[in-house]
Structure formats: C-alpha cells, structure tokens
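Dumped work_18.txt below, it's compact mmCIF, C-alpha atoms:
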# COMPACT_ATOMS: atom_id res chain seq x y z
CA MET W 1 0.00 0.00 0.00
CA LYS W 2 2.83 2.35 0.89
CA LYS W 3 4.51 1.67 -2.48
CA ILE W 4 1.27 2.44 -4.32
CA LEU W 5 0.85 5.76 -2.51
CA ILE W 6 4.45 6.72 -3.30
CA LEU W 7 3.93 5.84 -6.97
CA LEU W 8 0.72 7.92 -7.12
CA GLY W 9 2.53 10.82 -5.49
CA ILE W 10 5.36 10.67 -8.02
CA THR W 11 2.81 10.54 -10.88
CA ALA W 12 0.96 13.57 -9.50
CA ILE W 13 4.19 15.57 -9.15
CA ALA W 14 5.23 14.60 -12.69
CA PHE W 15 1.91 15.69 -14.17
CA THR W 16 1.89 18.96 -12.21
CA SER W 17 5.33 19.72 -13.65
CA CYS W 18 4.09 18.81 -17.13
CA GLU W 19 1.02 21.02 -16.68
CA THR W 20 3.26 23.94 -15.68
CA ASP W 21 5.35 23.39 -18.82
CA ILE W 22 2.21 23.46 -20.96
CA VAL W 23 0.90 26.66 -19.36
CA ASN W 24 4.28 28.41 -19.72
CA SER W 25 4.57 27.28 -23.32
CA GLU W 26 1.03 28.44 -24.15
CA ASN W 27 1.58 31.82 -22.48
CA GLU W 28 4.76 32.36 -24.47
CA ILE W 29 2.85 31.80 -27.70
CA GLN W 30 -0.15 33.91 -26.69
CA ASN W 31 2.08 36.79 -25.60
CA THR W 32 3.83 36.88 -28.96
CA GLU W 33 2.68 40.04 -30.73
CA ASP W 34 2.00 38.17 -33.96
CA ALA W 35 2.79 34.48 -33.80
CA SER W 36 2.08 34.05 -37.51
CA LEU W 37 5.15 36.16 -38.34
CA LYS W 38 7.33 33.25 -37.26
CA PHE W 39 6.34 31.43 -40.43
CA GLY W 40 6.57 32.35 -44.08
CA TYR W 41 4.07 31.68 -46.84
CA TYR W 42 1.29 33.67 -45.19
CA THR W 43 -0.35 35.32 -48.22
CA GLY W 44 -3.57 37.21 -48.71
CA ASN W 45 -5.24 34.22 -50.37
CA GLU W 46 -7.61 32.08 -48.38
CA TYR W 47 -9.01 28.70 -49.39
CA PHE W 48 -11.50 26.04 -48.41
CA MET W 49 -10.67 22.48 -49.44
CA VAL W 50 -12.65 19.25 -49.32
CA ALA W 51 -11.36 15.70 -49.82
CA ASN W 52 -13.74 13.83 -52.13
CA ARG W 53 -13.09 10.34 -50.83
CA GLY W 54 -15.03 8.52 -53.56
CA ALA W 55 -13.66 10.61 -56.44
CA SER W 56 -9.91 10.56 -55.62
CA THR W 57 -9.89 14.36 -55.78
CA VAL W 58 -9.61 17.46 -53.60
CA SER W 59 -11.80 20.45 -54.49
CA VAL W 60 -10.52 23.97 -53.84
CA PHE W 61 -12.72 27.04 -53.20
CA ASN W 62 -12.07 30.71 -52.52
CA ALA W 63 -12.87 31.12 -48.80
CA ARG W 64 -13.83 34.78 -49.23
CA THR W 65 -16.12 34.49 -52.25
CA THR W 66 -17.05 30.73 -52.18
CA ASP W 67 -16.06 30.51 -55.86
CA PHE W 68 -14.78 27.16 -57.13
CA VAL W 69 -11.05 27.31 -57.96
CA GLN W 70 -10.04 23.84 -59.18
CA ASP W 71 -9.90 20.11 -58.50
CA ILE W 72 -6.69 18.31 -57.55
CA ALA W 73 -6.44 14.66 -58.63
CA LEU W 74 -4.51 12.32 -56.33
CA PRO W 75 -1.75 10.39 -58.13
CA ASP W 76 -2.87 6.81 -57.46
CA GLU W 77 -5.79 5.02 -59.07
CA GLY W 78 -8.39 4.23 -56.43
CA ALA W 79 -6.98 6.79 -53.98
CA GLN W 80 -9.23 7.65 -51.04
CA PRO W 81 -8.43 11.15 -49.73
CA THR W 82 -9.86 11.43 -46.24
CA TYR W 83 -8.48 14.45 -44.33
CA LEU W 84 -6.27 17.45 -45.02
CA ALA W 85 -3.97 19.87 -43.20
CA HIS W 86 -1.86 22.91 -44.11
CA SER W 87 1.57 23.99 -42.85
CA ARG W 88 2.77 27.59 -42.88
CA ILE W 89 6.36 26.40 -42.44
CA ASN W 90 6.53 25.14 -46.00
CA ASN W 91 3.13 26.15 -47.46
CA ASN W 92 2.33 22.50 -48.06
CA VAL W 93 -1.14 21.00 -48.07
CA TYR W 94 -1.06 17.40 -46.80
CA VAL W 95 -3.71 14.88 -47.89
CA GLY W 96 -4.13 11.47 -46.28
CA ASP W 97 -4.77 8.59 -48.72
CA PHE W 98 -6.65 5.85 -46.87
CA ALA W 99 -6.18 3.24 -49.59
CA ASN W 100 -2.48 3.65 -50.35
CA LYS W 101 -0.72 4.05 -46.98
CA LYS W 102 0.55 7.50 -47.74
CA VAL W 103 0.26 11.24 -47.27
CA VAL W 104 0.51 13.23 -50.51
CA TYR W 105 1.57 16.85 -50.22
CA TYR W 106 1.00 19.80 -52.54
CA ASP W 107 2.16 23.39 -52.90
CA GLY W 108 -0.40 25.56 -51.11
CA ALA W 109 -0.29 28.26 -53.80
CA SER W 110 0.05 26.38 -57.10
CA PHE W 111 -1.58 23.11 -55.92
CA GLU W 112 1.16 21.17 -57.70
CA GLN W 113 2.22 17.88 -56.12
CA LYS W 114 5.54 18.11 -54.27
CA GLY W 115 5.96 14.68 -52.72
CA GLU W 116 4.65 11.69 -50.78
CA ILE W 117 5.24 10.28 -47.30
CA GLU W 118 4.82 6.57 -46.61
CA ILE W 119 2.78 5.89 -43.46
CA GLU W 120 0.86 2.92 -42.10
CA GLU W 121 -2.58 1.80 -43.25
CA GLY W 122 -5.86 3.68 -42.98
CA ALA W 123 -4.96 7.39 -43.08
CA PHE W 124 -7.63 9.30 -41.23
CA HIS W 125 -7.89 12.42 -39.04
CA MET W 126 -4.78 14.61 -39.04
CA TRP W 127 -3.59 17.87 -37.47
CA ILE W 128 -0.60 20.15 -38.00
CA ASN W 129 1.13 22.45 -35.55
CA ASP W 130 3.89 24.62 -37.01
CA PHE W 131 5.39 25.50 -33.60
CA ALA W 132 5.96 21.80 -32.94
CA GLY W 133 6.95 21.30 -36.58
CA GLN W 134 4.82 18.15 -36.62
CA LEU W 135 1.92 16.53 -38.44
CA TRP W 136 0.00 13.87 -36.49
CA ILE W 137 -2.18 11.43 -38.46
CA ASN W 138 -4.13 8.42 -37.24
CA ASN W 139 -3.92 5.17 -39.20
CA ILE W 140 -7.14 3.42 -38.26
CA VAL W 141 -6.40 0.07 -39.93
CA SER W 142 -2.90 -0.30 -38.49
CA LYS W 143 -4.06 1.25 -35.20
CA THR W 144 -1.15 3.66 -34.99
CA THR W 145 -0.55 7.41 -35.04
CA SER W 146 2.18 8.62 -37.40
CA VAL W 147 4.11 11.69 -36.27
CA ILE W 148 5.73 13.48 -39.22
CA ASP W 149 8.51 16.09 -39.18
CA LEU W 150 7.33 18.99 -41.34
CA ARG W 151 10.85 20.12 -42.19
CA SER W 152 12.07 16.79 -43.55
CA ASN W 153 8.65 15.32 -44.42
CA THR W 154 9.63 12.05 -42.79
CA VAL W 155 7.97 9.92 -40.11
CA ILE W 156 9.49 10.43 -36.67
CA LYS W 157 7.55 7.62 -35.02
CA ASN W 158 4.45 5.46 -35.34
CA ILE W 159 2.79 5.55 -31.92
CA PRO W 160 0.77 2.44 -30.99
CA LEU W 161 -2.36 2.36 -28.89
CA PRO W 162 -1.94 3.08 -25.17
CA THR W 163 -0.95 0.08 -23.09
CA PRO W 164 -3.33 -1.72 -20.69
CA GLU W 165 -1.31 -0.19 -17.84
CA GLN W 166 -2.07 3.30 -19.20
CA ILE W 167 -5.75 2.61 -19.94
CA PRO W 168 -6.99 -0.37 -17.92
CA GLY W 169 -9.90 -2.11 -19.61
CA LEU W 170 -8.90 -1.10 -23.15
CA THR W 171 -10.31 -3.80 -25.46
CA GLU W 172 -9.30 -5.29 -28.80
CA ASN W 173 -11.91 -3.04 -30.45
CA ALA W 174 -9.95 0.11 -29.56
CA VAL W 175 -8.72 2.29 -32.41
CA GLN W 176 -7.35 5.81 -32.76
CA HIS W 177 -9.72 8.23 -34.48
CA ASP W 178 -9.39 12.02 -34.16
CA VAL W 179 -6.29 14.06 -33.27
CA THR W 180 -5.37 17.66 -32.48
CA LEU W 181 -2.48 19.64 -30.98
CA SER W 182 -2.40 22.54 -28.53
CA PRO W 183 -1.70 26.03 -29.97
CA SER W 184 1.87 26.02 -28.65
CA GLY W 185 2.46 22.54 -30.00
CA TYR W 186 3.46 21.20 -26.58
CA ALA W 187 0.65 18.66 -26.21
CA ALA W 188 -1.22 16.36 -28.61
CA TYR W 189 -4.64 14.82 -27.98
CA VAL W 190 -5.92 11.64 -29.65
CA THR W 191 -9.36 10.07 -29.32
CA VAL W 192 -9.35 6.30 -28.98
CA LEU W 193 -12.74 4.76 -29.73
CA ASP W 194 -13.50 1.54 -27.88
CA GLY W 195 -16.93 0.22 -28.81
CA PRO W 196 -20.10 2.26 -29.39
CA ASP W 197 -20.32 3.84 -25.95
CA THR W 198 -16.76 4.65 -24.91
CA SER W 199 -14.01 6.93 -26.15
CA TYR W 200 -10.79 8.00 -24.46
CA VAL W 201 -9.18 11.41 -24.86
CA VAL W 202 -5.46 10.64 -24.64
CA MET W 203 -2.89 13.39 -24.02
CA TYR W 204 0.72 13.13 -25.28
CA ASN W 205 3.89 15.19 -24.96
CA THR W 206 4.95 16.18 -28.51
CA ARG W 207 8.63 16.43 -27.51
CA THR W 208 8.95 12.96 -26.01
CA LEU W 209 5.91 11.44 -27.78
CA GLU W 210 5.02 9.86 -24.45
CA TYR W 211 1.60 9.30 -22.89
CA ILE W 212 0.64 11.86 -20.22
CA LYS W 213 -2.93 11.01 -19.16
CA HIS W 214 -6.44 10.30 -20.45
CA GLU W 215 -10.10 10.95 -19.72
CA THR W 216 -13.21 8.98 -20.71
CA VAL W 217 -16.15 10.31 -22.75
CA GLY W 218 -18.99 8.83 -24.82
CA GLY W 219 -18.76 6.93 -28.07
CA ASP W 220 -17.46 8.31 -31.40
CA ALA W 221 -15.64 11.32 -29.97
CA HIS W 222 -13.89 14.13 -31.85
CA LEU W 223 -11.69 17.07 -30.83
CA LEU W 224 -11.32 20.83 -31.16
CA PRO W 225 -8.92 23.09 -29.19
CA VAL W 226 -10.33 26.59 -28.66
CA GLY W 227 -8.49 29.04 -26.41
CA THR W 228 -7.66 27.24 -23.18
CA LYS W 229 -10.41 24.67 -23.72
CA LEU W 230 -10.70 21.35 -25.50
CA TYR W 231 -14.14 20.64 -26.98
CA VAL W 232 -14.96 16.94 -27.33
CA PRO W 233 -18.22 16.11 -29.14
CA SER W 234 -19.46 12.54 -28.67
CA GLN W 235 -21.99 11.52 -31.31
CA ASN W 236 -23.29 8.48 -29.47
CA SER W 237 -23.89 10.27 -26.16
CA SER W 238 -25.13 13.52 -27.81
CA LEU W 239 -22.89 15.48 -25.47
CA LEU W 240 -20.11 17.93 -26.18
CA THR W 241 -17.75 17.79 -23.19
CA VAL W 242 -15.51 20.79 -22.44
CA PHE W 243 -12.11 20.15 -20.84
CA SER W 244 -9.20 22.30 -19.80
CA ARG W 245 -6.46 21.62 -22.32
CA PHE W 246 -3.79 22.00 -19.66
CA ASN W 247 -4.86 19.10 -17.45
CA LEU W 248 -8.00 17.56 -19.01
CA ASN W 249 -10.07 18.67 -16.05
CA LYS W 250 -13.74 18.61 -17.01
CA LEU W 251 -15.30 22.08 -17.21
CA GLY W 252 -18.81 21.30 -18.43
CA GLU W 253 -21.12 19.58 -20.91
CA ILE W 254 -23.27 20.89 -23.75
CA PRO W 255 -26.09 18.66 -25.04
CA PHE W 256 -26.60 18.48 -28.81
CA GLU W 257 -28.11 15.52 -30.63
CA SER W 258 -25.58 13.36 -32.55
CA THR W 259 -22.85 16.03 -32.24
CA HIS W 260 -19.98 15.10 -34.52
CA GLY W 261 -17.97 17.50 -36.70
CA VAL W 262 -16.75 20.65 -34.98
CA ALA W 263 -15.12 23.97 -35.95
CA ASN W 264 -14.84 27.46 -34.48
CA SER W 265 -14.60 31.17 -35.11
CA ARG W 266 -13.47 33.70 -32.51
CA ARG W 267 -16.90 33.75 -30.88
CA PHE W 268 -18.70 30.58 -31.89
CA VAL W 269 -18.21 26.82 -31.97
CA PHE W 270 -20.11 25.02 -34.75
CA THR W 271 -21.09 21.36 -34.62
CA THR W 272 -22.96 18.99 -36.90
CA GLY W 273 -25.81 16.81 -35.73
CA ILE W 274 -24.70 14.12 -38.17
CA ALA W 275 -27.65 11.74 -37.65
CA ASP W 276 -30.22 14.52 -37.27
CA ASN W 277 -29.27 16.69 -40.27
CA LYS W 278 -28.62 19.79 -38.19
CA ILE W 279 -25.91 22.34 -37.48
CA GLY W 280 -25.64 23.81 -33.98
CA VAL W 281 -23.99 27.12 -33.10
CA ILE W 282 -22.52 27.47 -29.59
CA ASP W 283 -21.48 30.70 -27.89
CA ARG W 284 -18.05 29.59 -26.69
CA PHE W 285 -17.93 32.14 -23.87
CA ARG W 286 -21.19 30.87 -22.36
CA ASN W 287 -20.97 27.28 -23.62
CA LYS W 288 -24.59 27.51 -24.72
CA VAL W 289 -26.30 26.60 -28.01
CA VAL W 290 -27.56 29.91 -29.44
CA SER W 291 -28.96 28.69 -32.76
CA GLU W 292 -29.42 25.65 -34.96
CA ILE W 293 -30.47 25.03 -38.53
CA ASP W 294 -31.75 22.04 -40.51
CA THR W 295 -29.53 21.03 -43.43
CA ASP W 296 -30.88 20.52 -46.94
CA PHE W 297 -28.97 17.26 -47.41
CA ASN W 298 -28.29 14.16 -45.32
CA THR W 299 -25.25 13.41 -43.16
CA PRO W 300 -23.72 16.81 -42.41
CA HIS W 301 -20.21 15.77 -41.45
CA ASN W 302 -17.20 18.10 -41.32
CA LEU W 303 -16.98 21.89 -41.02
CA ALA W 304 -14.55 24.76 -41.56
CA VAL W 305 -14.87 28.52 -41.04
CA ASN W 306 -13.10 31.29 -42.92
CA ARG W 307 -10.62 33.57 -41.15
CA ARG W 308 -13.13 36.37 -40.52
CA GLY W 309 -15.71 33.94 -39.15
CA THR W 310 -18.30 35.03 -41.70
CA ILE W 311 -18.58 31.89 -43.88
CA LEU W 312 -19.13 28.30 -42.76
CA PHE W 313 -18.16 25.46 -45.12
CA LEU W 314 -19.90 22.08 -44.69
CA ALA W 315 -19.29 18.68 -46.30
CA HIS W 316 -22.13 16.15 -46.56
CA SER W 317 -20.67 12.64 -46.56
CA GLY W 318 -21.87 9.23 -47.70
CA GLY W 319 -21.45 6.69 -50.48
CA THR W 320 -23.66 8.63 -52.91
CA ALA W 321 -23.23 12.13 -51.44
CA THR W 322 -21.74 14.96 -53.53
CA LYS W 323 -22.71 18.20 -51.79
CA VAL W 324 -20.74 20.88 -50.00
CA VAL W 325 -22.64 23.88 -48.68
CA PHE W 326 -21.68 27.46 -47.79
CA TYR W 327 -23.45 29.41 -45.03
CA LYS W 328 -23.27 33.03 -43.97
CA VAL W 329 -22.58 33.38 -40.23
CA LYS W 330 -24.49 36.34 -38.81
CA ARG W 331 -23.31 38.31 -35.80
CA ASN W 332 -25.93 36.71 -33.55
CA GLY W 333 -24.75 33.23 -34.58
CA LYS W 334 -27.62 32.42 -36.90
CA LEU W 335 -26.76 30.70 -40.17
CA GLU W 336 -28.11 31.57 -43.60
CA LYS W 337 -27.43 29.34 -46.60
CA ILE W 338 -25.46 30.97 -49.42
CA SER W 339 -25.13 28.14 -51.95
CA ASP W 340 -24.28 24.49 -52.50
CA PHE W 341 -21.90 22.78 -54.91
CA ASP W 342 -21.35 19.24 -56.25
CA SER W 343 -17.69 18.77 -55.37
CA GLY W 344 -17.30 15.06 -56.03
CA LEU W 345 -18.34 11.70 -54.63
CA ASN W 346 -18.38 11.44 -50.83
CA PRO W 347 -17.07 14.84 -49.65
CA PHE W 348 -15.21 14.04 -46.44
CA GLY W 349 -12.54 16.01 -44.58
CA VAL W 350 -12.40 19.80 -44.97
CA LEU W 351 -9.74 22.46 -44.50
CA ARG W 352 -9.44 26.24 -44.39
CA TYR W 353 -6.12 28.03 -44.76
How would this structure read if it were set down as structure tokens?
Amino acid sequence: MKKILILLGITAIAFTSCETDIVNSENEIQNTEDASLKFGYYTGNEYFMVANRGASTVSVFNARTTDFVQDIALPDEGAQPTYLAHSRINNNVYVGDFANKKVVYYDGASFEQKGEIEIEEGAFHMWINDFAGQLWINNIVSKTTSVIDLRSNTVIKNIPLPTPEQIPGLTENAVQHDVTLSPSGYAAYVTVLDGPDTSYVVMYNTRTLEYIKHETVGGDAHLLPVGTKLYVPSQNSSLLTVFSRFNLNKLGEIPFESTHGVANSRRFVFTTGIADNKIGVIDRFRNKVVSEIDTDFNTPHNLAVNRRGTILFLAHSGGTATKVVFYKVKRNGKLEKISDFDSGLNPFGVLRY
C-alpha cells in the first residue's frame, strides 16, 4: 500500500510539472505580438478544401467568395483522400490517402504535387502544428498514429495504442480516431474509440511522444482546441464535453443531438448533428447553443470557417453524397445558406487556410 501511494505521489508531481510546462509554453505563444510572423508563406489568399473520398480528388474554393477554384487529382488510381492539413512552415497541403498508406503533399499556392510520405494503413484524421513542426495522423487500420517532421517530411515515429497499464480495460476493439495539438504545440490529444459507448481522450507530450494522461467520454468522440479549452463532441452520447487543455479537467457539458464535426470562429463553436441533419452554433464564452439550422442534405459531417468567421463550409458525406454547402454566419450566430456545390463523390474532410 505504501509503495502504491508513493507511486501515485510521483505521478501527480510529474503531471503537475508537465502542466506547468504546458501553461508556460502556451503563455509564451499567446504573448507573442503576432505568432504568424514566425512562419513564411502567409499570403492574402484564403481557401476552403474538401477531400472527395469517392472521387480521388480534392476540391478547392475561394474562402472569401465561395467561388470554385479547381480540382486536384490524387496520383494513385483508387486513392481515397480522407483528411487534409496545411503547414505555414513550407506552405504544403497534406492529404491522407486511406487506400495507399501514404500522405501526398502539394504546394499551397500552385496546388502542384511536391511529394509523398509513406505511413501505415488507414490514413484518417490529421492535425498540424507549425510550432511543434509536426503533423499527427491516425492510421485506423494499423491502429497507430504517425508523427511526421514537417521540415524533412519524414515519419518520426508510429505511436501504438496506449498500453493496458495506461488505460486499464482497453479492449481489442480500440482504435485511434481524431487528433489535435495545442496552440503552442506542446501537447497532442488523440481520441481512442473503444466500442459504441466509450471513447478516451489521450494526451501526449509532442517532444517525447510519451503518454501523459487520459479521460473517458462517450462513443465516437472528436476534438477541437479553442483558447484554453478542449471541446470533445461525442456523437453516441449527444454530449459535447468541455475540458481544460492544460490538465484535461472537465469544465462542463453541452447537449446536442448526434454532435460530430466541430469547428470554431473567434466567438462561436459550430457542430454537426450528423444523424439529425442539423448544425448547432454554440457561444463559446457561455458554452450555450444559441442557434441551430436544418440542413438541406443528409449526413452533415465536417466543417470549416473562414478567417473572418463570416462563412461556414460544410461537407455532406456518404457513399452517394456529392454536396458541399456554404453558409453566412451572422453576428448573432444564426446561419443563412449561401449556396451548395457538387464537389465530387463522398465529400469528407475539410480544410481552411
């Protein structure tokens, strides 16, 4: 018993130290007068992108006007682009190819292909942080998370699932799903889905790539860091749980039916009710749903918001789906449809940069 108490004490001290490191790192970034100046390739252009999983293409739109720009064809026959991310370090757009165990990357201005990175199987959710200089991508067939160095475009490590000692009760059904990084790049967060009713939010140190801690939420959980908070929508529990990003302490819950995809502007958090064909708008300072709207098409999935927070971009997914939709975001949080567009078969992951 004495040994157990000593071990728990050491763990608590270690996490407190880690939490202090995260807070200091975040404050350093937030106190920078203009953090974006650290990186090049920050032009006046702004784009929305959607990965058309069933068409082997990525569609590009002007994020200020909603005009269609062009389609990008992935290089391999039968490619399945799932999710996308953009780096300001090198102005690359990275596209995960589920079917071909790779990430393909393109020039963010010309949209010309620049290279490929071999990863493990089942490329899915990904996230980039330029301060960490890393891209994290979950491989849901291999059940690993690939961490990629953005400067060399090589894999640093493939992280396996947490061990039974880290998450007691983890079953053979467990698989990584969503991923995000803190603004400073110090911490990464991965959702591990384990059956229909349980997900784990797992926190990692991006320097050591080691497990820090985890918390449990409902089934089919996703992630969004906003300010000092981490929003975690769980579709199967119809709850969006709000955590502190620094220590994963629970701050509150917001009910919204079949909450799934999630994005934010400075004031609002937007979430899709994927099984109910709705979009919810949450005031992030009050953590309260302030408006919702029915969608014109089934399976509203992933969302992105332009830099000014005035246009919301939505992909409707499914085997026969083709629609992406643009909405005007009013000051009171209400949404008004602008237009829709047939981007390609099964619009999936979206991106704004």
Task: Atomic separation - CA of Ser110 in chain W relative to CA of Ala304 in chain W, Å - done: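 Separating CA of Ala304 in chain W from CA of Ser110 in chain W is a distance of 21.4 Å.
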Task: For CA of Ser59 in chain W and CA of Gln113 in chain W, the interatomic separation in Å (one decimal) - done: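 One can read the CA of Ser59 in chain W to CA of Gln113 in chain W distance as 14.3 Å.
Restricting the calculation to only C-alpha atoms, the smallest distance between Met126 in chain W and any of W:Phe326, W:Phe246, W:Tyr94, W:Tyr106 is found for W:Tyr94.
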With only C-alpha atoms counted and 8 Å as the cut-off, give the residues of range 51-169 of chain W in contact with range 209-233 of chain W, each with its shortest interatomic distance in Å and the pair that gives it, as JSON lines.
{"residue": "W:Ile159", "atom": "CA", "partner": "W:Leu209", "partner_atom": "CA", "distance": 7.8}
{"residue": "W:Pro162", "atom": "CA", "partner": "W:Tyr211", "partner_atom": "CA", "distance": 7.5}
{"residue": "W:Gln166", "atom": "CA", "partner": "W:Lys213", "partner_atom": "CA", "distance": 7.8}
{"residue": "W:Ile167", "atom": "CA", "partner": "W:His214", "partner_atom": "CA", "distance": 7.7}
- [ ] Quick one: everything within 10 Å of range 140-153 of chain W, counting all atoms listed in the file, minus sequence neighbours fewer than 3 positions away in the same chain. Send it as a ChimeraX atom specification.
- [x] /W:87-90,92,98,101,103,105,115-130,132-137,156-162,174-179,190,192,206,209
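The space between CA of Asp194 in chain W and CA of Asn139 in chain W spans 15.3 Å.
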Task: Which of W:Ala188, W:Leu74, W:Leu351, W:Val324 sits closest to Val262 in chain W [using all atoms listed in the file] - done: W:Leu351
TODO: Pick out the closest residue to Asn247 in chain W from this set: W:Ile72, W:Val50, W:Met203, W:Val281. Count all atoms listed in the file.
DONE: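 Closest to Asn247 in chain W of all the choices is W:Met203.
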Open item on the list: Here is a test: counting all atoms listed in the file, which residue of W:Asn91, W:Thr272, W:Thr208, W:Asn100 is nearest to Lys114 in chain W?
Closed with: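 Among the listed residues, the smallest separation from Lys114 in chain W belongs to W:Asn91.
Of the residues listed (W:Phe270, W:Ser184, W:Lys288, W:Ala85), W:Lys288 shows the shortest atom-to-atom separation from Ile254 in chain W; distances use only C-alpha atoms.
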The centre and edge lengths of an axis-aligned box containing all atoms of range 147-166 of chain W present in the file, extended by 6 Å on each side, are to be given in Å to one decimal, as JSON.
{"center_x": 4.4, "center_y": 9.2, "center_z": -31.1, "size_x": 27.4, "size_y": 33.8, "size_z": 38.6}
